[in-house]
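Each remark here refers to the structure printed beneath this line.
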Amino acid sequence: MDALSDFFPQFGIHTDFVNDINDLAEVESRIGPDTRAVFAETVANPSTKILDIEPLAAMLHRHGVALIVDNTVPTPYLLRPIEFGADVVVHSTTKGIGGHGNALGGAVVDSGRFDWANGRFPQFTRKELGVSDERGGVWCTYAERYGASMFAGRVRNAYLHNLGAVMSPANAYLQLIGLETLPQRMTQEVDSALRIARHLEHVPHVTRVNYSGLDSSQDKLLADRYTPNGVGQVLSFGLEGDESRVARVVEAVRVFCYAANIGDTHSLIVNPARITHREVPCAFRQAAGVDDRLLRLSIGLESAEDLIADLDQAIVVAYCD
């Protein structure tokens, strides 16, 4: 949010925000001559709201606009957005892909299907020195040099080279080690997350549970369509009372760790309004359901029974007066 609102405008990049990314009419109404791409999370953090990728991609492609999605929460093991029409997929590999919270990293995946030479993106169709042979007198565009892979080619040749977003060898090694166990970790974490979400629906003082894999979720049909093997390890829930009750729960847990990461092998708990979303404007937080009484969980590899017991005792402690 900080990058979209404050940093990118310094480079002439403007962002329009919508209330509901799955409202095609609202999204289409914001498309103008200068619109280049739409960016959205496939599974939102912390609401786990599911992006309806196929109709959104189809509508955007009619306008020559690219769909870029953040697939960090489900990881490629649970959801492959390109198969549903997404053009570019980004991941914070620090989270579920790496899985151990021990290395920073990211990934950009180009589908190779979008027509970046459609007139909206002059950086792909102008001749540039970086992809040309000046001595030989041969000048090329990124479209000519890389063809269908022109987006990935520009990311690697221009941005990676000029901006230095290169993962260190040590971090890359740790990410690859984590990737080896992705299926095993996600299978257990998703199973535990669903069990915990179902349990929390019946716990006193819990006012709502946000997990699209629940039968009670408004996004259950979308979850079944896009993430049939599970939504992910992230869920959130609201509590009665004020912010002090949230603080008491956080202080009372014994198995959960208080940390802002997600996708770790350790189960984590955090109050998003104060930590992960504190720099998000209040109006946007409220629209996303992130208020002072919300807690977010990232489920790790501990047993679901231990995690449920830990939450139960912490909530009892928080409301014991």
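Going through the structure tokens in order, the chains are called A, B, and so on, while each chain numbers its residues from 1 and the ligands are numbered from 1 in the order shown.
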
Contact check, stretch 41-100 of chain A to stretch 13-34 of chain A, at most 8 Å, counting only C-alpha atoms, closest pairs as a tab-separated table:
residue	atom	partner	partner_atom	distance
A:Leu51	CA	A:Asn22	CA	6.5
A:Asp52	CA	A:Asn22	CA	6.1
A:Pro55	CA	A:Leu24	CA	7.9
A:Leu56	CA	A:Leu24	CA	6.5
A:Met59	CA	A:Glu28	CA	7.7
A:Leu60	CA	A:Glu28	CA	7.8

For the residues in the current selection, export N, CA and C atoms as a PDB file, in the first residue's frame.
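The new file again32.pdb reads:
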ATOM      1  N   LEU A  51      -9.953 -14.262  -5.251  1.00  0.00           N
ATOM      2  CA  LEU A  51     -10.061 -13.513  -6.499  1.00  0.00           C
ATOM      3  C   LEU A  51     -10.685 -14.402  -7.566  1.00  0.00           C
ATOM      4  N   ASP A  52     -11.740 -13.908  -8.206  1.00  0.00           N
ATOM      5  CA  ASP A  52     -12.363 -14.636  -9.317  1.00  0.00           C
ATOM      6  C   ASP A  52     -11.567 -14.302 -10.587  1.00  0.00           C
ATOM      7  N   PRO A  55     -13.052 -14.466 -15.045  1.00  0.00           N
ATOM      8  CA  PRO A  55     -13.818 -13.371 -15.667  1.00  0.00           C
ATOM      9  C   PRO A  55     -13.089 -12.039 -15.610  1.00  0.00           C
ATOM     10  N   LEU A  56     -12.294 -11.812 -14.558  1.00  0.00           N
ATOM     11  CA  LEU A  56     -11.528 -10.574 -14.467  1.00  0.00           C
ATOM     12  C   LEU A  56     -10.486 -10.509 -15.577  1.00  0.00           C
ATOM     13  N   MET A  59     -12.125  -9.873 -19.018  1.00  0.00           N
ATOM     14  CA  MET A  59     -12.550  -8.490 -19.191  1.00  0.00           C
ATOM     15  C   MET A  59     -11.348  -7.575 -19.443  1.00  0.00           C
ATOM     16  N   LEU A  60     -10.280  -7.752 -18.665  1.00  0.00           N
ATOM     17  CA  LEU A  60      -9.100  -6.913 -18.816  1.00  0.00           C
ATOM     18  C   LEU A  60      -8.452  -7.104 -20.181  1.00  0.00           C
TER      19      LEU A  60
END

Residues within 7 Å of stretch 287-304 of chain A, only C-alpha atoms, excluding chain neighbours under 6 positions, as an mmCIF file with C-alpha atoms, in the first residue's frame:
data_model
loop_
_atom_site.group_PDB
_atom_site.id
_atom_site.type_symbol
_atom_site.label_atom_id
_atom_site.label_comp_id
_atom_site.auth_asym_id
_atom_site.auth_seq_id
_atom_site.Cartn_x
_atom_site.Cartn_y
_atom_site.Cartn_z
ATOM 1 C CA PRO A 46 -5.891 -11.644 6.170
ATOM 2 C CA GLN A 188 -0.593 -30.352 6.880
ATOM 3 C CA GLU A 189 -0.897 -26.603 7.409
ATOM 4 C CA SER A 192 -4.873 -27.751 10.470
ATOM 5 C CA ALA A 193 -6.054 -24.294 9.380
ATOM 6 C CA ILE A 196 -8.954 -24.526 13.635
ATOM 7 C CA GLN A 233 -2.578 -21.580 6.137
ATOM 8 C CA VAL A 234 -3.745 -18.019 6.901
ATOM 9 C CA LEU A 235 -7.006 -17.229 8.698
ATOM 10 C CA SER A 236 -8.297 -14.467 10.924
ATOM 11 C CA PHE A 237 -10.991 -13.996 13.541
ATOM 12 C CA GLY A 238 -12.639 -11.179 15.446
ATOM 13 C CA LEU A 239 -13.224 -10.860 19.168
ATOM 14 C CA ASP A 242 -12.137 -3.751 22.641
ATOM 15 C CA GLU A 243 -8.494 -3.898 21.626
ATOM 16 C CA VAL A 246 -6.840 -8.835 21.590
ATOM 17 C CA ILE A 262 3.143 -15.980 7.359
ATOM 18 C CA GLY A 263 3.802 -19.403 5.881
ATOM 19 C CA ASP A 264 6.302 -20.377 8.568
ATOM 20 C CA THR A 265 6.627 -23.871 10.007
ATOM 21 C CA HIS A 266 5.932 -22.214 13.368
ATOM 22 C CA SER A 267 2.389 -21.054 14.016
ATOM 23 C CA LEU A 268 2.168 -17.276 14.273
ATOM 24 C CA ILE A 269 -0.344 -14.810 15.680
ATOM 25 C CA VAL A 270 -0.543 -11.062 15.147
ATOM 26 C CA ASN A 271 -2.991 -8.167 15.422
ATOM 27 C CA PRO A 272 -2.887 -6.794 11.839
ATOM 28 C CA ALA A 273 -4.281 -3.339 12.600
#

Using only C-alpha atoms, tabulate the residues of stretch 158-212 of chain A lying at most 6 Å from any atom of stretch 97-105 of chain A, each with its closest atom pair and that distance in Å to one decimal, by chain and increasing residue number, as a tab-separated table.
residue	atom	partner	partner_atom	distance
A:Asn171	CA	A:Ala103	CA	5.2
A:Gln175	CA	A:Gly98	CA	4.6
A:Gly178	CA	A:Gly98	CA	4.4
A:Leu179	CA	A:Ile97	CA	5.5

List the neighbours of A:Pro204 out to 9 Å using only C-alpha atoms; skip same-chain residues closer than 4 positions along the sequence, and give me the result as an mmCIF file with C-alpha atoms, in the first residue's frame.
data_model
loop_
_atom_site.group_PDB
_atom_site.id
_atom_site.type_symbol
_atom_site.label_atom_id
_atom_site.label_comp_id
_atom_site.auth_asym_id
_atom_site.auth_seq_id
_atom_site.Cartn_x
_atom_site.Cartn_y
_atom_site.Cartn_z
ATOM 1 C CA LEU A 200 -13.261 -21.055 16.237
ATOM 2 C CA ILE A 315 -9.315 -16.643 25.028
ATOM 3 C CA VAL A 316 -10.437 -17.872 28.469
#

**Message:** I need the strand (DSSP E or B) residues of stretch 1-216 of chain A per DSSP on the backbone, written as a ChimeraX atom specification.
**Reply:** /A:37-41,43,50,66-70,88-92,106-110,128-133,138-140,206-210

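With only C-alpha atoms as the atoms that count, the minimum distance from A:Leu78 to the choices A:Cys282, A:Leu182, A:Ile275, A:Leu311 is reached by A:Leu182.
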
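Here the DSSP assignment of alpha helix (DSSP H), based on backbone atoms, applies within stretch 234-305 of chain A to A:Glu243, A:Ser244, A:Arg245, A:Val246, A:Ala247, A:Arg248, A:Val249, A:Val250, A:Glu251, A:Ala252, A:Cys282, A:Ala283, A:Phe284, A:Arg285, A:Gln286, A:Ala287, A:Ala304, A:Glu305.
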
Can you write out the residues you just picked, keeping C-alpha atoms, as a PDB file, in the first residue's frame?
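Output contents, as saved in result06.pdb:
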ATOM      1  CA  GLU A 243      -8.494  -3.898  21.626  1.00  0.00           C
ATOM      2  CA  SER A 244      -7.419  -4.843  25.150  1.00  0.00           C
ATOM      3  CA  ARG A 245      -8.954  -8.302  24.705  1.00  0.00           C
ATOM      4  CA  VAL A 246      -6.840  -8.835  21.590  1.00  0.00           C
ATOM      5  CA  ALA A 247      -3.722  -7.839  23.511  1.00  0.00           C
ATOM      6  CA  ARG A 248      -4.586 -10.291  26.290  1.00  0.00           C
ATOM      7  CA  VAL A 249      -4.985 -13.171  23.853  1.00  0.00           C
ATOM      8  CA  VAL A 250      -1.652 -12.355  22.233  1.00  0.00           C
ATOM      9  CA  GLU A 251       0.031 -12.252  25.650  1.00  0.00           C
ATOM     10  CA  ALA A 252      -1.603 -15.495  26.816  1.00  0.00           C
ATOM     11  CA  CYS A 282      -8.042   3.608   8.128  1.00  0.00           C
ATOM     12  CA  ALA A 283     -10.659   3.657   5.363  1.00  0.00           C
ATOM     13  CA  PHE A 284      -8.872   0.873   3.490  1.00  0.00           C
ATOM     14  CA  ARG A 285      -8.410  -1.174   6.679  1.00  0.00           C
ATOM     15  CA  GLN A 286     -12.095  -0.914   7.497  1.00  0.00           C
ATOM     16  CA  ALA A 287     -13.081  -1.899   3.958  1.00  0.00           C
ATOM     17  CA  ALA A 304      -3.958 -28.904  15.398  1.00  0.00           C
ATOM     18  CA  GLU A 305      -4.997 -30.151  18.837  1.00  0.00           C
TER      19      GLU A 305
END

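Between atom CA of A:Phe11 and atom CA of A:Gly106 the separation is 22.1 Å.
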
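The interatomic distance for the pair atom CA of A:His199 and atom CA of A:Lys95 works out to 24.9 Å.
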
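Atom to atom, atom CA of A:Thr48 and atom CA of A:Val90 stand 17.1 Å apart.
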
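Near stretch 146-160 of chain A, within 10 Å and counting only C-alpha atoms, sit Asp87, Val88, Val108, Val109, Asp110, Ser111, Gly112, Arg113, Phe114, Asp115, Trp116, Ala117, Gln123, Phe124, Thr125, Gly130, Val131, Cys140, Thr141, Tyr142, Ala143, Leu163, Gly164, Ala165 and Val166 of chain A; same-chain residues fewer than 3 positions away were not included.
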
Could you dump the residues just selected with N, CA and C atoms as a CSV table (one decimal), in the first residue's frame?
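What landed in part36.csv:
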chain,number,residue,atom,x,y,z
A,87,ASP,N,-1.7,-13.0,-16.1
A,87,ASP,CA,-0.6,-12.7,-17.1
A,87,ASP,C,0.8,-12.7,-16.4
A,88,VAL,N,0.8,-12.2,-15.2
A,88,VAL,CA,2.1,-12.2,-14.4
A,88,VAL,C,1.7,-12.6,-12.9
A,108,VAL,N,9.0,-13.6,-9.8
A,108,VAL,CA,8.1,-13.0,-10.8
A,108,VAL,C,8.0,-14.0,-11.9
A,109,VAL,N,6.8,-14.4,-12.2
A,109,VAL,CA,6.5,-15.5,-13.2
A,109,VAL,C,5.7,-14.9,-14.3
A,110,ASP,N,6.2,-14.9,-15.5
A,110,ASP,CA,5.6,-14.4,-16.7
A,110,ASP,C,4.9,-15.5,-17.5
A,111,SER,N,3.6,-15.3,-17.8
A,111,SER,CA,2.9,-16.4,-18.5
A,111,SER,C,3.4,-16.5,-20.0
A,112,GLY,N,3.9,-15.4,-20.5
A,112,GLY,CA,4.3,-15.5,-21.9
A,112,GLY,C,3.1,-15.4,-22.9
A,113,ARG,N,1.9,-15.1,-22.4
A,113,ARG,CA,0.7,-15.1,-23.2
A,113,ARG,C,0.2,-13.7,-23.5
A,114,PHE,N,0.6,-12.7,-22.7
A,114,PHE,CA,0.0,-11.4,-22.9
A,114,PHE,C,0.7,-10.6,-24.0
A,115,ASP,N,0.0,-9.8,-24.8
A,115,ASP,CA,0.5,-9.1,-25.9
A,115,ASP,C,1.0,-7.7,-25.3
A,116,TRP,N,2.3,-7.7,-24.9
A,116,TRP,CA,2.8,-6.5,-24.3
A,116,TRP,C,3.2,-5.4,-25.4
A,117,ALA,N,3.1,-5.9,-26.7
A,117,ALA,CA,3.3,-5.0,-27.8
A,117,ALA,C,2.0,-4.4,-28.4
A,123,GLN,N,7.6,0.7,-23.8
A,123,GLN,CA,8.9,0.2,-23.4
A,123,GLN,C,9.3,-1.1,-24.1
A,124,PHE,N,8.3,-1.8,-24.6
A,124,PHE,CA,8.6,-3.1,-25.3
A,124,PHE,C,8.7,-3.0,-26.8
A,125,THR,N,8.3,-1.8,-27.3
A,125,THR,CA,8.4,-1.7,-28.8
A,125,THR,C,9.3,-0.6,-29.2
A,130,GLY,N,20.1,-1.7,-24.6
A,130,GLY,CA,20.3,-2.9,-23.8
A,130,GLY,C,20.1,-4.2,-24.5
A,131,VAL,N,19.3,-4.2,-25.6
A,131,VAL,CA,19.0,-5.4,-26.3
A,131,VAL,C,19.4,-5.3,-27.8
A,140,CYS,N,17.3,-3.3,-31.7
A,140,CYS,CA,16.2,-4.1,-31.5
A,140,CYS,C,15.3,-3.6,-30.4
A,141,THR,N,14.1,-4.0,-30.4
A,141,THR,CA,13.1,-3.8,-29.3
A,141,THR,C,13.1,-5.0,-28.4
A,142,TYR,N,12.5,-4.9,-27.3
A,142,TYR,CA,12.3,-6.1,-26.4
A,142,TYR,C,11.4,-7.1,-27.1
A,143,ALA,N,10.4,-6.6,-27.8
A,143,ALA,CA,9.5,-7.5,-28.5
A,143,ALA,C,10.2,-8.3,-29.5
A,163,LEU,N,18.3,-2.1,-11.2
A,163,LEU,CA,17.8,-1.8,-9.8
A,163,LEU,C,18.4,-2.7,-8.8
A,164,GLY,N,19.1,-3.8,-9.2
A,164,GLY,CA,19.8,-4.7,-8.3
A,164,GLY,C,19.0,-5.6,-7.4
A,165,ALA,N,17.8,-5.9,-7.8
A,165,ALA,CA,16.9,-6.8,-7.0
A,165,ALA,C,17.4,-8.3,-7.2
A,166,VAL,N,18.6,-8.6,-6.8
A,166,VAL,CA,19.1,-9.9,-6.9
A,166,VAL,C,19.2,-10.6,-5.6

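Of the residues under consideration (A:Val73, A:Leu67, A:Leu174, A:Leu194), A:Val73 shows the shortest atom-to-atom contact distance to A:Ala44 when counting only C-alpha atoms.
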
**Prompt:** Do you know which residues are at most 8 Å from A:Pro74 counting only C-alpha atoms, after dropping those on the same chain fewer than 2 positions away, and could you put them as a VMD selection string?
**Reply:** chain A and resid 42 to 43 71 to 72 76 to 79 96 227 231 to 233

Just the selected residues (C-alpha atoms), exported as an mmCIF file, in the first residue's frame, please.
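The new file selection.cif reads:
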data_model
loop_
_atom_site.group_PDB
_atom_site.id
_atom_site.type_symbol
_atom_site.label_atom_id
_atom_site.label_comp_id
_atom_site.auth_asym_id
_atom_site.auth_seq_id
_atom_site.Cartn_x
_atom_site.Cartn_y
_atom_site.Cartn_z
ATOM 1 C CA THR A 42 -5.391 -14.344 -5.392
ATOM 2 C CA VAL A 43 -6.136 -15.072 -1.722
ATOM 3 C CA ASN A 71 -0.097 -15.596 -5.162
ATOM 4 C CA THR A 72 1.892 -15.580 -1.922
ATOM 5 C CA PRO A 76 1.746 -22.567 -6.583
ATOM 6 C CA TYR A 77 0.965 -25.804 -4.752
ATOM 7 C CA LEU A 78 -2.627 -24.730 -4.092
ATOM 8 C CA LEU A 79 -3.290 -22.298 -6.941
ATOM 9 C CA GLY A 96 5.056 -20.307 2.192
ATOM 10 C CA THR A 227 -8.224 -23.822 -4.524
ATOM 11 C CA VAL A 231 -7.155 -22.043 0.673
ATOM 12 C CA GLY A 232 -3.923 -21.773 2.612
ATOM 13 C CA GLN A 233 -2.578 -21.580 6.137
#
